[in-house]
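Have a look at the structure below, then the notes.
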Amino acid sequence: MDWMKIFSALALVMFIVFLFPRARDMMKNTPKGSSSDWMSFVIPIIAIVLFIMLLIQLV
Amino acid sequence: MNQNYSAVAQRSPSALATSKVLRNTYLLLSLTLLFSGFTAVISMAMNMPPMTYLISVIGAMVIAMFVLPRFANSTAGIGIVFLVTGMLGFGLGPILSMYAALPNGGNIIMLSLGGTGVIFMGLSAYVLATRKDFSFLGGFLMVGFLLVLIAALANIFLAIPAMSLMISAVVIMIMSGFILYDTSRIIHGGETNYVLATIGLYMTIFNIFISLLQILGIMGGDD
């Protein structure tokens, strides 16, 4: 295993440790979305998936 | 009538402040994107080794997480944003050189660049047109991002190409969610600092570009 893998892994662990308390706070304080709110998120995401599939066809 | 006029007059300063944050964010974002493009070209011309990417990304993340928040309310914050985005652009150089060396590498790079632009502008236009509040996405996106980081950590040792492809696809979905979330926060007054707003949006664009490059490189590669 080369040092770059170890270095990347250490950086990712540091990043995860840094983000974990923030993620926990956000989970507690985020307002709940209604089903129409979630639909307004899902629709553009589906559009992006289709767009990426189009890009793959174009390569 | 007077009551309506008064309500509009009361809302105006906040609406003006929000539109100022949005305008400044997009202006700084365009300048930083141009600057990171410039540093990427320099890095390609200098033929930097692949490890440049890792060192630049780690250095830029450390500065963005620990130094930038302290200077976000001063003019020094703008300089630090340019430093961070310049470093990320410089780190991108060896990756772009690697893709450019592929048979259809130029096509992959241009499609990733154009695709990232379309995704960013499309999602931003969607939020600005609907003015929907996406604050409910915060916890979901943060947990999703943490899970992706854990999967990426595992894949450093497992080195499964299909997992790498899946991680890139999920990163694009999560970063798209962050574009909706961040833009919605700006227009609803949740983010009033354009320096922090810029770095947040820049990171989403950077991650989408890298992930798209990887997906198109794997799916469209002849090797």
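Labeling convention for the structure tokens: chains A, B, ... as they appear, residues from 1 per chain, ligands from 1 in order of appearance.
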### Query
Which residues come within 8 Å of Ile16 (chain A), counting only C-alpha atoms, excluding same-chain residues fewer than 2 positions away, as a PyMOL selection string?
(chain A and resi 12-14+18-20) or (chain B and resi 146+149-150)
### Message
What are the residues of chain A lining chain B at 8 Å or less? Count only C-alpha atoms, and put the answer as number ranges by chain.
### Response
A: 4-5, 8-9, 11-13, 16, 19-20, 23-24, 26-33, 37, 41, 44-45, 48, 52, 55-56, 59
### Message
One number please: CA of Asn47 (chain B) to CA of Asp2 (chain A), in Å, one decimal.
### Response
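Interatomic distance, CA of Asn47 (chain B) to CA of Asp2 (chain A): 21.7 Å.
Note that CA of Leu29 (chain B) and CA of Gly59 (chain B) are 19.8 Å apart.
Every protein, DNA or RNA residue with an atom at most 8 Å from Leu68 (chain B), where only C-alpha atoms count and chain neighbours fewer than 3 positions away do not, is listed here: Ile63, Ala64, Met65, Phe71, Ala72, Gly77, Ile80 and Val81 of chain B.
Reported to one decimal place, the separation of CA of Gly200 (chain B) from CA of Leu28 (chain B) is 11.8 Å.
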